[in-house]
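Engineer: Structure file my_file_9.cif (mmCIF, C-alpha atoms) is given on the next line.
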```cif
data_upload
loop_
_atom_site.label_atom_id
_atom_site.label_comp_id
_atom_site.auth_asym_id
_atom_site.auth_seq_id
_atom_site.Cartn_x
_atom_site.Cartn_y
_atom_site.Cartn_z
CA MET J 1 -20.36 11.83 -19.83
CA ASN J 2 -20.21 9.88 -23.09
CA HIS J 3 -19.52 6.36 -21.86
CA LYS J 4 -19.36 4.87 -25.36
CA LYS J 5 -16.63 7.29 -26.39
CA LEU J 6 -14.53 6.43 -23.35
CA ILE J 7 -15.05 2.68 -23.80
CA SER J 8 -13.97 2.95 -27.42
CA PHE J 9 -10.91 4.99 -26.42
CA ILE J 10 -9.84 2.43 -23.79
CA LYS J 11 -10.25 -0.46 -26.24
CA ILE J 12 -8.05 1.38 -28.73
CA LEU J 13 -5.46 2.05 -26.02
CA PHE J 14 -5.26 -1.60 -25.10
CA ASN J 15 -5.63 -2.76 -28.71
CA THR J 16 -8.45 -5.22 -28.07
CA GLN J 17 -12.19 -5.55 -28.43
CA GLY J 18 -12.18 -8.21 -25.74
CA PHE J 19 -12.27 -7.98 -21.96
CA ILE J 20 -9.90 -5.41 -20.44
CA PRO J 21 -8.86 -6.07 -16.82
CA LEU J 22 -8.23 -3.36 -14.27
CA HIS J 23 -4.57 -4.26 -13.84
CA ALA J 24 -2.94 -7.30 -15.42
CA PRO J 25 0.58 -8.50 -14.62
CA VAL J 26 3.24 -8.31 -17.33
CA PHE J 27 5.87 -11.06 -17.53
CA ASN J 28 8.34 -9.96 -20.18
CA GLY J 29 11.58 -10.40 -18.26
CA LYS J 30 13.53 -13.27 -16.75
CA GLU J 31 10.65 -14.72 -14.73
CA LYS J 32 10.76 -18.19 -16.31
CA GLU J 33 14.56 -18.30 -16.21
CA TYR J 34 14.70 -17.47 -12.50
CA LEU J 35 11.86 -19.85 -11.63
CA LEU J 36 13.55 -22.74 -13.44
CA ASP J 37 16.81 -21.87 -11.70
CA THR J 38 15.04 -22.06 -8.37
CA ILE J 39 13.52 -25.44 -9.19
CA ASP J 40 16.89 -26.78 -10.37
CA SER J 41 18.49 -25.58 -7.13
CA THR J 42 15.79 -27.43 -5.09
CA PHE J 43 15.63 -24.37 -2.80
CA VAL J 44 11.96 -23.62 -3.42
CA SER J 45 10.86 -22.81 0.13
CA SER J 46 11.81 -19.99 2.48
CA VAL J 47 15.60 -20.19 2.17
CA GLY J 48 17.43 -19.40 -1.03
CA ALA J 49 19.51 -16.95 -3.03
CA TYR J 50 16.49 -15.16 -4.48
CA VAL J 51 15.09 -14.28 -1.05
CA ASP J 52 18.41 -12.63 -0.22
CA ALA J 53 18.56 -10.89 -3.61
CA PHE J 54 14.99 -9.63 -3.25
CA GLU J 55 15.68 -8.12 0.16
CA ALA J 56 18.86 -6.46 -1.12
CA LYS J 57 16.97 -5.00 -4.10
CA MET J 58 14.23 -3.61 -1.83
CA GLN J 59 16.88 -1.94 0.32
CA GLU J 60 18.36 -0.39 -2.81
CA LEU J 61 15.01 0.79 -4.18
CA THR J 62 13.88 2.36 -0.91
CA GLN J 63 17.32 3.47 0.29
CA THR J 64 16.71 1.81 3.65
CA PRO J 65 19.28 -0.28 5.53
CA LYS J 66 17.11 -3.35 6.11
CA ALA J 67 14.36 -5.15 4.18
CA VAL J 68 12.47 -8.31 5.12
CA ALA J 69 10.66 -10.53 2.61
CA VAL J 70 7.30 -11.84 3.85
CA VAL J 71 4.35 -13.81 2.53
CA ASN J 72 2.04 -10.85 1.76
CA GLY J 73 1.45 -7.17 2.41
CA THR J 74 -1.01 -7.76 5.24
CA ALA J 75 1.55 -9.83 7.15
CA ALA J 76 4.08 -7.05 6.56
CA LEU J 77 1.71 -4.53 8.14
CA GLN J 78 0.88 -6.77 11.09
CA VAL J 79 4.52 -7.37 11.99
CA ALA J 80 5.60 -3.78 11.31
CA LEU J 81 3.03 -2.52 13.80
CA ARG J 82 4.29 -4.98 16.40
CA LEU J 83 7.87 -3.86 15.73
CA ALA J 84 6.77 -0.24 16.20
CA GLY J 85 5.57 -1.14 19.69
CA VAL J 86 1.83 -1.60 19.16
CA LYS J 87 0.38 -3.80 21.91
CA ALA J 88 -3.04 -5.15 22.83
CA GLY J 89 -5.35 -2.35 23.89
CA ASP J 90 -3.38 0.41 22.15
CA GLU J 91 -4.72 2.69 19.42
CA VAL J 92 -3.39 3.28 15.93
CA LEU J 93 -4.34 6.39 13.95
CA THR J 94 -5.15 5.59 10.33
CA GLN J 95 -7.57 6.37 7.51
CA ALA J 96 -10.98 4.87 6.85
CA LEU J 97 -10.56 5.28 3.09
CA THR J 98 -8.28 2.29 2.57
CA PHE J 99 -8.19 -1.38 1.72
CA VAL J 100 -9.38 -3.51 4.62
CA ALA J 101 -5.89 -4.96 5.24
CA THR J 102 -4.79 -1.65 6.79
CA ALA J 103 -7.42 -1.88 9.52
CA ASN J 104 -7.16 -5.66 9.85
CA ALA J 105 -3.43 -5.47 10.59
CA ILE J 106 -4.21 -3.20 13.54
CA ALA J 107 -6.86 -5.60 14.81
CA TYR J 108 -4.51 -8.59 14.45
CA ASN J 109 -2.34 -6.87 17.07
CA GLN J 110 -5.44 -6.57 19.30
CA ALA J 111 -5.26 -2.81 18.96
CA HIS J 112 -7.97 -0.30 18.05
CA PRO J 113 -8.06 1.68 14.78
CA VAL J 114 -8.94 5.36 15.02
CA PHE J 115 -10.13 6.62 11.65
CA LEU J 116 -9.11 10.11 10.54
CA ASP J 117 -10.06 11.94 7.38
CA VAL J 118 -8.09 12.10 4.13
CA ASP J 119 -7.18 14.92 1.78
CA ARG J 120 -9.33 15.08 -1.34
CA ASP J 121 -6.39 15.47 -3.71
CA THR J 122 -4.15 12.65 -2.42
CA MET J 123 -6.93 10.45 -1.00
CA GLY J 124 -4.41 9.73 1.78
CA LEU J 125 -4.33 10.62 5.47
CA SER J 126 -4.75 14.36 6.01
CA PRO J 127 -2.14 16.16 8.15
CA ASP J 128 -4.82 18.72 9.05
CA ALA J 129 -7.15 15.98 10.30
CA LEU J 130 -4.27 14.40 12.21
CA THR J 131 -3.38 17.68 13.89
CA ALA J 132 -7.01 18.47 14.73
CA PHE J 133 -7.52 15.06 16.31
CA LEU J 134 -4.36 15.20 18.39
CA GLU J 135 -4.98 18.75 19.62
CA THR J 136 -8.57 17.90 20.56
CA HIS J 137 -8.37 14.34 21.84
CA ALA J 138 -4.75 13.60 22.79
CA GLU J 139 -2.35 14.48 25.56
CA LYS J 140 1.37 13.92 26.00
CA ARG J 141 2.56 11.77 28.87
CA GLU J 142 6.00 10.51 29.88
CA ASN J 143 5.62 7.27 27.93
CA GLY J 144 3.92 8.69 24.83
CA ALA J 145 0.65 10.13 23.57
CA TYR J 146 -2.70 9.11 25.01
CA ASN J 147 -6.29 9.50 23.90
CA LYS J 148 -8.02 11.59 26.58
CA THR J 149 -11.41 10.13 25.66
CA THR J 150 -10.52 6.44 25.78
CA GLN J 151 -7.39 6.65 28.00
CA ARG J 152 -5.63 4.35 25.55
CA ARG J 153 -2.05 4.85 24.37
CA ILE J 154 -1.72 6.06 20.78
CA ALA J 155 0.98 3.62 19.74
CA ALA J 156 1.41 4.38 16.04
CA CYS J 157 0.17 6.25 12.99
CA LEU J 158 -0.50 4.27 9.82
CA PRO J 159 -0.96 6.42 6.68
CA MET J 160 -1.54 4.78 3.30
CA HIS J 161 -0.46 5.98 -0.17
CA THR J 162 -3.67 5.50 -2.15
CA PHE J 163 -3.32 3.98 -5.63
CA GLY J 164 0.37 4.99 -5.72
CA LEU J 165 -0.26 8.69 -5.10
CA MET J 166 1.92 10.01 -2.29
CA CYS J 167 0.06 11.41 0.69
CA ARG J 168 1.56 14.38 2.54
CA ILE J 169 3.91 12.02 4.31
CA GLU J 170 6.57 14.55 5.36
CA ALA J 171 3.98 16.60 7.25
CA ILE J 172 2.53 13.48 8.87
CA VAL J 173 5.96 12.33 10.05
CA GLU J 174 6.71 15.80 11.44
CA ILE J 175 3.43 15.97 13.36
CA CYS J 176 3.88 12.49 14.78
CA ALA J 177 7.45 13.27 15.87
CA GLU J 178 6.10 16.14 17.99
CA TRP J 179 3.78 13.69 19.73
CA ASN J 180 6.29 10.83 19.97
CA ILE J 181 4.11 8.61 17.77
CA PRO J 182 5.99 6.23 15.44
CA VAL J 183 4.89 6.18 11.79
CA VAL J 184 4.42 2.92 9.91
CA GLU J 185 3.96 3.63 6.21
CA ASP J 186 1.48 1.51 4.26
CA ALA J 187 3.15 1.71 0.85
CA ALA J 188 1.48 -1.46 -0.44
CA GLU J 189 0.39 0.33 -3.62
CA ALA J 190 3.27 2.77 -3.99
CA LEU J 191 6.43 0.86 -4.94
CA GLY J 192 8.42 3.30 -7.09
CA SER J 193 6.53 6.41 -5.98
CA SER J 194 8.43 9.19 -4.23
CA SER J 195 8.22 12.60 -2.59
CA ASN J 196 11.07 15.06 -3.05
CA GLU J 197 13.09 12.19 -4.52
CA LYS J 198 12.68 10.08 -1.37
CA ALA J 199 11.05 6.69 -1.86
CA ALA J 200 7.63 5.71 -0.59
CA GLY J 201 8.03 3.46 2.43
CA SER J 202 11.21 5.15 3.65
CA PHE J 203 9.74 8.08 5.60
CA GLY J 204 8.51 6.36 8.72
CA LEU J 205 10.11 4.08 11.26
CA LEU J 206 8.99 1.20 9.05
CA GLY J 207 7.34 0.83 5.65
CA THR J 208 5.46 -2.05 4.07
CA PHE J 209 4.79 -3.22 0.51
CA SER J 210 2.58 -5.74 -1.28
CA PHE J 211 3.43 -7.92 -4.28
CA ASN J 212 -0.04 -9.33 -4.81
CA GLY J 213 -1.09 -10.37 -8.32
CA ASN J 214 -2.61 -6.96 -9.07
CA LYS J 215 0.31 -4.79 -7.96
CA ILE J 216 2.77 -2.96 -10.25
CA VAL J 217 5.34 -5.65 -9.38
CA THR J 218 3.98 -9.07 -8.48
CA CYS J 219 5.24 -12.43 -7.38
CA GLY J 220 1.77 -13.94 -7.07
CA GLY J 221 1.72 -13.26 -3.35
CA GLY J 222 4.34 -11.54 -1.28
CA GLY J 223 5.20 -8.56 0.84
CA ALA J 224 8.10 -6.68 2.34
CA ILE J 225 8.96 -4.68 5.42
CA VAL J 226 11.62 -2.00 5.15
CA SER J 227 13.14 -0.30 8.16
CA ASN J 228 15.30 2.72 8.84
CA ASP J 229 16.41 0.95 12.04
CA VAL J 230 18.69 -2.03 11.27
CA GLU J 231 18.11 -3.74 14.61
CA LEU J 232 14.35 -3.36 14.24
CA GLY J 233 14.57 -4.82 10.75
CA GLN J 234 16.60 -7.76 12.01
CA GLN J 235 13.97 -8.34 14.68
CA GLY J 236 11.37 -8.35 11.90
CA LYS J 237 13.29 -11.05 10.06
CA TYR J 238 13.51 -13.07 13.26
CA LEU J 239 9.80 -12.78 14.08
CA THR J 240 8.66 -13.63 10.55
CA THR J 241 10.81 -16.76 10.44
CA THR J 242 9.12 -18.34 13.50
CA ALA J 243 11.45 -16.68 16.04
CA LYS J 244 13.83 -19.63 15.81
CA VAL J 245 17.08 -19.33 17.73
CA PRO J 246 20.02 -20.23 15.43
CA HIS J 247 21.41 -23.70 16.20
CA ALA J 248 23.03 -26.46 14.17
CA TRP J 249 20.19 -28.86 14.85
CA GLU J 250 17.97 -27.93 17.82
CA TYR J 251 14.52 -26.36 17.45
CA VAL J 252 14.39 -23.51 19.96
CA HIS J 253 11.87 -20.66 19.69
CA ASP J 254 12.11 -18.03 22.41
CA GLU J 255 9.10 -15.81 21.66
CA LEU J 256 5.87 -15.79 19.71
CA GLY J 257 6.84 -15.64 16.04
CA TYR J 258 5.11 -16.04 12.69
CA ASN J 259 5.58 -18.34 9.74
CA PHE J 260 5.38 -15.40 7.36
CA ARG J 261 8.36 -16.35 5.19
CA MET J 262 8.39 -15.60 1.47
CA PRO J 263 9.26 -18.77 -0.49
CA ASN J 264 12.30 -18.66 -2.75
CA LEU J 265 10.01 -19.41 -5.73
CA ASN J 266 8.06 -16.21 -5.13
CA ALA J 267 11.25 -14.26 -4.52
CA ALA J 268 12.63 -15.42 -7.86
CA LEU J 269 9.54 -14.08 -9.62
CA ALA J 270 9.79 -10.84 -7.62
CA CYS J 271 13.44 -10.34 -8.59
CA ALA J 272 12.63 -10.66 -12.28
CA GLN J 273 9.75 -8.22 -11.89
CA LEU J 274 11.81 -5.67 -9.95
CA GLU J 275 14.30 -5.58 -12.81
CA GLN J 276 11.45 -4.20 -14.95
CA LEU J 277 10.02 -1.71 -12.45
CA ASP J 278 11.41 1.39 -14.19
CA MET J 279 9.98 0.20 -17.49
CA PHE J 280 6.58 -0.52 -15.96
CA ILE J 281 6.48 2.97 -14.42
CA GLU J 282 7.49 4.60 -17.70
CA GLN J 283 4.80 2.74 -19.64
CA LYS J 284 2.16 3.55 -17.05
CA LYS J 285 3.18 7.21 -17.14
CA LYS J 286 2.55 7.21 -20.91
CA LEU J 287 -0.87 5.65 -20.32
CA PHE J 288 -1.63 8.28 -17.67
CA GLU J 289 -0.70 11.07 -20.09
CA GLN J 290 -3.05 9.63 -22.71
CA TYR J 291 -5.85 9.57 -20.17
CA CYS J 292 -4.98 13.17 -19.23
CA SER J 293 -5.43 14.25 -22.84
CA PHE J 294 -8.72 12.38 -23.16
CA PHE J 295 -10.27 13.90 -20.03
CA GLU J 296 -8.92 17.43 -20.51
CA GLY J 297 -11.75 19.96 -20.39
CA SER J 298 -14.33 17.40 -19.23
CA GLU J 299 -16.31 17.23 -16.00
CA ILE J 300 -14.18 14.23 -15.00
CA ASN J 301 -11.19 14.83 -12.72
CA LEU J 302 -8.29 12.44 -13.29
CA LYS J 303 -6.46 12.36 -9.95
CA GLN J 304 -2.95 13.85 -10.19
CA PRO J 305 0.17 13.45 -8.04
CA LEU J 306 1.14 16.36 -5.81
CA PRO J 307 3.89 18.74 -6.95
CA ASP J 308 7.37 17.48 -5.97
CA THR J 309 6.08 13.90 -5.91
CA THR J 310 6.16 11.11 -8.45
CA SER J 311 3.55 8.39 -8.74
CA ASN J 312 3.97 4.86 -10.00
CA HIS J 313 0.45 5.29 -11.46
CA TRP J 314 -0.50 1.88 -10.12
CA LEU J 315 -4.25 2.47 -10.47
CA MET J 316 -5.51 5.56 -12.23
CA ALA J 317 -8.49 7.15 -10.54
CA LEU J 318 -11.32 9.32 -11.80
CA GLU J 319 -13.41 11.64 -9.65
CA LEU J 320 -16.95 11.80 -11.02
CA PRO J 321 -19.56 14.46 -10.19
CA ASP J 322 -21.64 12.38 -7.76
CA ARG J 323 -22.73 8.88 -6.72
CA GLU J 324 -25.32 8.65 -9.49
CA ALA J 325 -22.70 9.42 -12.15
CA ARG J 326 -20.32 6.96 -10.52
CA ASP J 327 -22.82 4.13 -10.58
CA ALA J 328 -23.80 4.82 -14.20
CA PHE J 329 -20.13 4.81 -15.18
CA LEU J 330 -19.45 1.51 -13.40
CA ARG J 331 -22.48 -0.12 -14.99
CA ALA J 332 -21.73 1.02 -18.56
CA THR J 333 -18.03 0.14 -18.52
CA ASN J 334 -18.35 -3.26 -16.88
CA GLU J 335 -21.22 -4.27 -19.14
CA ALA J 336 -18.96 -3.41 -22.10
CA GLY J 337 -16.13 -5.63 -20.83
CA VAL J 338 -14.01 -2.77 -19.50
CA MET J 339 -13.21 -3.50 -15.88
CA THR J 340 -13.64 -0.53 -13.57
CA ARG J 341 -14.03 -0.49 -9.82
CA PRO J 342 -15.19 1.96 -7.11
CA ILE J 343 -12.95 2.97 -4.26
CA TRP J 344 -13.31 0.94 -1.07
CA GLN J 345 -16.23 1.14 1.31
CA LEU J 346 -15.14 3.19 4.31
CA MET J 347 -13.83 1.03 7.16
CA TYR J 348 -16.28 2.25 9.80
CA LYS J 349 -19.15 1.09 7.57
CA LEU J 350 -17.92 -2.49 7.98
CA PRO J 351 -19.47 -4.34 10.94
CA MET J 352 -16.21 -5.15 12.73
CA TYR J 353 -15.10 -1.49 12.77
CA ALA J 354 -18.46 0.23 13.23
CA ASP J 355 -17.73 1.24 16.83
CA CYS J 356 -14.27 2.69 16.23
CA GLN J 357 -13.60 6.33 17.03
CA ARG J 358 -13.51 8.61 13.98
CA ASP J 359 -13.70 12.23 12.96
CA SER J 360 -16.19 13.81 10.54
CA GLN J 361 -14.84 11.93 7.47
CA GLN J 362 -16.16 14.71 5.24
CA ASN J 363 -13.56 14.20 2.51
CA ALA J 364 -13.57 10.40 2.75
CA GLU J 365 -17.34 10.26 2.27
CA TYR J 366 -17.12 12.73 -0.62
CA LEU J 367 -14.53 10.53 -2.35
CA GLU J 368 -16.36 7.28 -1.60
CA ASP J 369 -19.27 8.59 -3.66
CA ARG J 370 -17.15 9.65 -6.63
CA ILE J 371 -13.91 7.72 -7.16
CA VAL J 372 -13.52 4.91 -9.72
CA ASN J 373 -10.44 3.16 -11.05
CA ILE J 374 -9.98 2.61 -14.77
CA PRO J 375 -7.77 0.05 -16.61
CA SER J 376 -4.19 0.80 -15.66
CA SER J 377 -2.03 -2.07 -16.90
CA ALA J 378 1.44 -1.31 -18.24
CA ILE J 379 1.25 -1.14 -22.03
CA LEU J 380 4.52 -2.43 -23.44
CA SER J 381 5.45 -1.42 -26.98
#
```
Please lay out the structure from this file as structure tokens.
Structural biologist:
Amino acid sequence: MNHKKLISFIKILFNTQGFIPLHAPVFNGKEKEYLLDTIDSTFVSSVGAYVDAFEAKMQELTQTPKAVAVVNGTAALQVALRLAGVKAGDEVLTQALTFVATANAIAYNQAHPVFLDVDRDTMGLSPDALTAFLETHAEKRENGAYNKTTQRRIAACLPMHTFGLMCRIEAIVEICAEWNIPVVEDAAEALGSSSNEKAAGSFGLLGTFSFNGNKIVTCGGGGAIVSNDVELGQQGKYLTTTAKVPHAWEYVHDELGYNFRMPNLNAALACAQLEQLDMFIEQKKKLFEQYCSFFEGSEINLKQPLPDTTSNHWLMALELPDREARDAFLRATNEAGVMTRPIWQLMYKLPMYADCQRDSQQNAEYLEDRIVNIPSSAILS
């Protein structure tokens, strides 16, 4: 591949000869106005109008009846798994090709990740791998599915939508329903993505999102839980606000809760960003189409969304021929001031998850050797 040609093309796209980040936030809306309003109101902590507005907007975007604002996406995952019924000693089926927060959230609940393979096209959890694992290693009992090898209860399934591309979520939900396994959707990277016009995060019992500084919509730090079960969502709000029993003045906490509240300041920023989500997605789609034209006919595969799905194109991903080509690409682009990054190291290669059960991981290992992300910021005209 001609690295110099690509580097030149990217610098023209972003209209700079300087450093080009992987994904920079864009603040072209009412961010400053809402932040100043929050400061003037003095409600800068975890109670305020913008927290309520943010939760209402997330319900609207995902078409779910309850949303809960939290401090970050990892906290959202941790609490969502608890809400789904995951307890100490249980197992959660997930993918090894993911950001470490997915596995960490399982471990925070003192549960065990089981790593299943992904599909090469979506880079998300494979329904075929899920079915194969369950048929080989699981059995149905009165109170749910159990792993015949470990004798642990399989308490949840946690698929992740990689880089905003929808995994085959409908098939995953259908398989898990047959086994009475609740699905918690890790949609941290997929705000605005959809499958058959249904929003990412709304397919499972619960869905989670991240609003970290590098996401398509950011409030510096922040996360959200959305639920198709109103009572479960209300329990999520209760747990993430220290499980405090309502009272005019007394401090009563009746179970172990978390101080995972999103401050009103962050919520104000998030509200201003959410107002621009459609515009961000449209601009990123234009960028994606320009990359498509550039790579057409080359040995490089620009990862595409599945038919009948839409992607928010959060991070655009290239599949290179092999590890050697990947490493050469990363070296040339980063040395030229164009930020590119490999996909994550597989979770079972990390020391804390080295002993976790897993399948062959054939596709995950193939992708680990080949996938890189290229600059994907929204370009606003």
Engineer: I would like the residues chosen by the PyMOL selection byres ((chain J and resi 283) around 12) on the shown file; could you give them as a list of chain:residue names?
Structural biologist: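 Those residues are J:Val26, J:Ile216, J:Gln276, J:Leu277, J:Asp278, J:Met279, J:Phe280, J:Ile281, J:Glu282, J:Lys284, J:Lys285, J:Lys286, J:Leu287, J:Phe288, J:Glu289, J:Gln290, J:Asn312, J:His313, J:Trp314, J:Ser376, J:Ser377, J:Ala378, J:Ile379, J:Leu380, J:Ser381.
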Engineer: Pick out the residues sitting within 12 Å of stretch 176-181 of chain J, and hand them over as an MDAnalysis selection string; count all atoms listed in the file, and ignore anything fewer than 4 positions along from it in its own chain.
Structural biologist: chainID J and resid 81 84:86 90:93 127 130:131 133:135 138:147 153:159 169:172 203:205
Engineer: Of the candidates J:Thr241, J:Gln63, J:Ser194, J:Thr162, which shows the shortest atom-to-atom distance to J:Thr122, using all atoms listed in the file?
Structural biologist: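 Closest to J:Thr122 of all the choices is J:Thr162.
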Engineer: For the structure provided, state which residues fall under the PyMOL selection byres ((chain J and resi 62) around 8), and present them as JSON, numbers by chain.
Structural biologist: {"J": [58, 59, 60, 61, 63, 64, 198, 199, 200, 201, 202, 226]}
Engineer: Using atom CA of J:Gln78 and atom CA of J:Ile343 as the two end points, give the distance in Å to one decimal.
Structural biologist: 22.8 Å
Engineer: Out of J:Leu165, J:Met352, J:Ile175, J:Val100, which residue has the shortest atom-to-atom distance to J:Ala190 when counting all atoms listed in the file?
Structural biologist: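 Result for the nearest residue to J:Ala190: J:Leu165.
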Engineer: When you look at stretch 369-371 of chain J with a cut-off of 8 Å (counting only C-alpha atoms), what residues show up, excluding the ones that are within fewer than 5 positions of it in the same chain? I need them as a list of chain:residue names.
Structural biologist: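 Surrounding residues, per the criterion: J:Ala317, J:Leu318, J:Glu319, J:Leu320, J:Pro321, J:Asp322, J:Arg323, J:Ala325, J:Arg326, J:Pro342, J:Ile343.
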Engineer: On this structure, which residues satisfy the PyMOL selection byres ((chain J and resi 77) around 12), written as a PyMOL selection string?
Structural biologist: chain J and resi 68+70-76+78-84+86+100-109+156-160+183-188+201+206-210+223-226+236+240+260
Engineer: Pick out the closest residue to J:Leu367 from this set: J:Arg120, J:Arg261, J:Lys349, J:Lys303. Count all atoms listed in the file.
Structural biologist: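 Among the listed residues, J:Arg120 lies closest to J:Leu367.
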Engineer: Please, what distance in Å, to one decimal, runs between atom CA of J:Phe163 and atom CA of J:Ser195?
Structural biologist: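 Between these atoms lies a distance of 14.7 Å.
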Engineer: What is the distance, in Å and to one decimal place, between atom CA of J:Glu31 and atom CA of J:Ala272?
Structural biologist: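 Taking atom CA of J:Glu31 as the start and atom CA of J:Ala272 as the end point, the length is 5.1 Å.
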Engineer: Give the answer as one residue: which of J:Ala364, J:Met316, J:Leu256, J:Leu269 has the shortest atom-to-atom distance to J:Leu22, using all atoms listed in the file?
Structural biologist: J:Met316
Engineer: Would you kindly return, as a CSV table (one decimal) with C-alpha atoms, keeping the file's coordinate frame, each protein, DNA or RNA residue with an atom no farther than 10 Å from any atom of stretch 358-362 of chain J, considering all atoms listed in the file and excluding same-chain residues fewer than 2 positions away?
Structural biologist:
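Final output, saved to selection15.csv:
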```csv
chain,number,residue,atom,x,y,z
J,93,LEU,CA,-4.3,6.4,14.0
J,94,THR,CA,-5.2,5.6,10.3
J,95,GLN,CA,-7.6,6.4,7.5
J,96,ALA,CA,-11.0,4.9,6.8
J,97,LEU,CA,-10.6,5.3,3.1
J,113,PRO,CA,-8.1,1.7,14.8
J,114,VAL,CA,-8.9,5.4,15.0
J,115,PHE,CA,-10.1,6.6,11.6
J,116,LEU,CA,-9.1,10.1,10.5
J,117,ASP,CA,-10.1,11.9,7.4
J,118,VAL,CA,-8.1,12.1,4.1
J,119,ASP,CA,-7.2,14.9,1.8
J,120,ARG,CA,-9.3,15.1,-1.3
J,129,ALA,CA,-7.2,16.0,10.3
J,130,LEU,CA,-4.3,14.4,12.2
J,132,ALA,CA,-7.0,18.5,14.7
J,133,PHE,CA,-7.5,15.1,16.3
J,346,LEU,CA,-15.1,3.2,4.3
J,348,TYR,CA,-16.3,2.2,9.8
J,354,ALA,CA,-18.5,0.2,13.2
J,355,ASP,CA,-17.7,1.2,16.8
J,356,CYS,CA,-14.3,2.7,16.2
J,364,ALA,CA,-13.6,10.4,2.8
J,365,GLU,CA,-17.3,10.3,2.3
J,366,TYR,CA,-17.1,12.7,-0.6
J,367,LEU,CA,-14.5,10.5,-2.4
```
Engineer: Of the candidates J:Gly213, J:Gly89, J:Pro21, J:Gly124, which shows the shortest atom-to-atom distance to J:Thr150, using all atoms listed in the file?
Structural biologist: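 Of J:Gly213, J:Gly89, J:Pro21, J:Gly124, the one nearest J:Thr150 is J:Gly89, counting all atoms listed in the file.
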Engineer: Give me the residues near J:Ala336 as a compact mmCIF listing (two decimals) with C-alpha atoms, keeping the file's coordinate frame, where near means some atom within 12 Å (using all atoms listed in the file) and where sequence neighbours in that chain fewer than 4 positions away do not count.
Structural biologist:
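selection19.txt, freshly written:
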```
# COMPACT_ATOMS: atom_id res chain seq x y z
CA HIS J 3 -19.52 6.36 -21.86
CA LYS J 4 -19.36 4.87 -25.36
CA LYS J 5 -16.63 7.29 -26.39
CA LEU J 6 -14.53 6.43 -23.35
CA ILE J 7 -15.05 2.68 -23.80
CA SER J 8 -13.97 2.95 -27.42
CA ILE J 10 -9.84 2.43 -23.79
CA LYS J 11 -10.25 -0.46 -26.24
CA GLN J 17 -12.19 -5.55 -28.43
CA GLY J 18 -12.18 -8.21 -25.74
CA PHE J 19 -12.27 -7.98 -21.96
CA ILE J 20 -9.90 -5.41 -20.44
CA PRO J 21 -8.86 -6.07 -16.82
CA PHE J 329 -20.13 4.81 -15.18
CA LEU J 330 -19.45 1.51 -13.40
CA ARG J 331 -22.48 -0.12 -14.99
CA ALA J 332 -21.73 1.02 -18.56
CA THR J 340 -13.64 -0.53 -13.57
```
Engineer: Need the shell around J:Lys244: protein/DNA/RNA residues with any atom at most 9 Å away, counting all atoms listed in the file. Skip same-chain ones fewer than 2 positions apart. Format as a PDB file with C-alpha atoms, in the coordinates of the input?
Structural biologist:
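Result went into result14.pdb, see below:
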```pdb
ATOM      1  CA  TYR J 238      13.510 -13.070  13.260  1.00  0.00           C
ATOM      2  CA  LEU J 239       9.800 -12.780  14.080  1.00  0.00           C
ATOM      3  CA  THR J 241      10.810 -16.760  10.440  1.00  0.00           C
ATOM      4  CA  THR J 242       9.120 -18.340  13.500  1.00  0.00           C
ATOM      5  CA  PRO J 246      20.020 -20.230  15.430  1.00  0.00           C
ATOM      6  CA  HIS J 247      21.410 -23.700  16.200  1.00  0.00           C
ATOM      7  CA  TYR J 251      14.520 -26.360  17.450  1.00  0.00           C
ATOM      8  CA  VAL J 252      14.390 -23.510  19.960  1.00  0.00           C
ATOM      9  CA  HIS J 253      11.870 -20.660  19.690  1.00  0.00           C
ATOM     10  CA  ASP J 254      12.110 -18.030  22.410  1.00  0.00           C
ATOM     11  CA  GLU J 255       9.100 -15.810  21.660  1.00  0.00           C
ATOM     12  CA  GLY J 257       6.840 -15.640  16.040  1.00  0.00           C
TER      13      GLY J 257
END
```
Engineer: Against stretch 42-56 of chain J, which residues of stretch 249-311 of chain J fall within 7 Å? For each one I want the closest pair of atoms and the distance in Å (one decimal), counting all atoms listed in the file, rows by chain and increasing residue number, as a Markdown table.
Structural biologist:
```
| residue | atom | partner | partner_atom | distance |
| --- | --- | --- | --- | --- |
| J:Arg261 | CA | J:Ser46 | CA | 5.7 |
| J:Met262 | CA | J:Ser46 | CA | 5.7 |
| J:Pro263 | CA | J:Ser46 | CA | 4.1 |
| J:Asn264 | CA | J:Val44 | CA | 5.0 |
| J:Leu265 | CA | J:Val44 | CA | 5.2 |
| J:Ala267 | CA | J:Val51 | CA | 5.2 |
| J:Ala268 | CA | J:Tyr50 | CA | 5.1 |
| J:Ala270 | CA | J:Phe54 | CA | 6.9 |
| J:Cys271 | CA | J:Phe54 | CA | 5.6 |
```
Engineer: Could you tell me which of J:Val372, J:Ala328, J:Leu350, J:Cys219 comes closest to J:Tyr34 if we count all atoms listed in the file?
Structural biologist: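 The answer is J:Cys219, which sits nearest to J:Tyr34.
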Engineer: Go ahead and fit an axis-aligned box to every listed atom of stretch 166-171 of chain J plus 8 Å each side, and pass me the centre and edge lengths in Å, one decimal, as JSON.
Structural biologist:
```
{"center_x": 3.3, "center_y": 13.3, "center_z": 2.5, "size_x": 22.5, "size_y": 22.6, "size_z": 25.5}
```
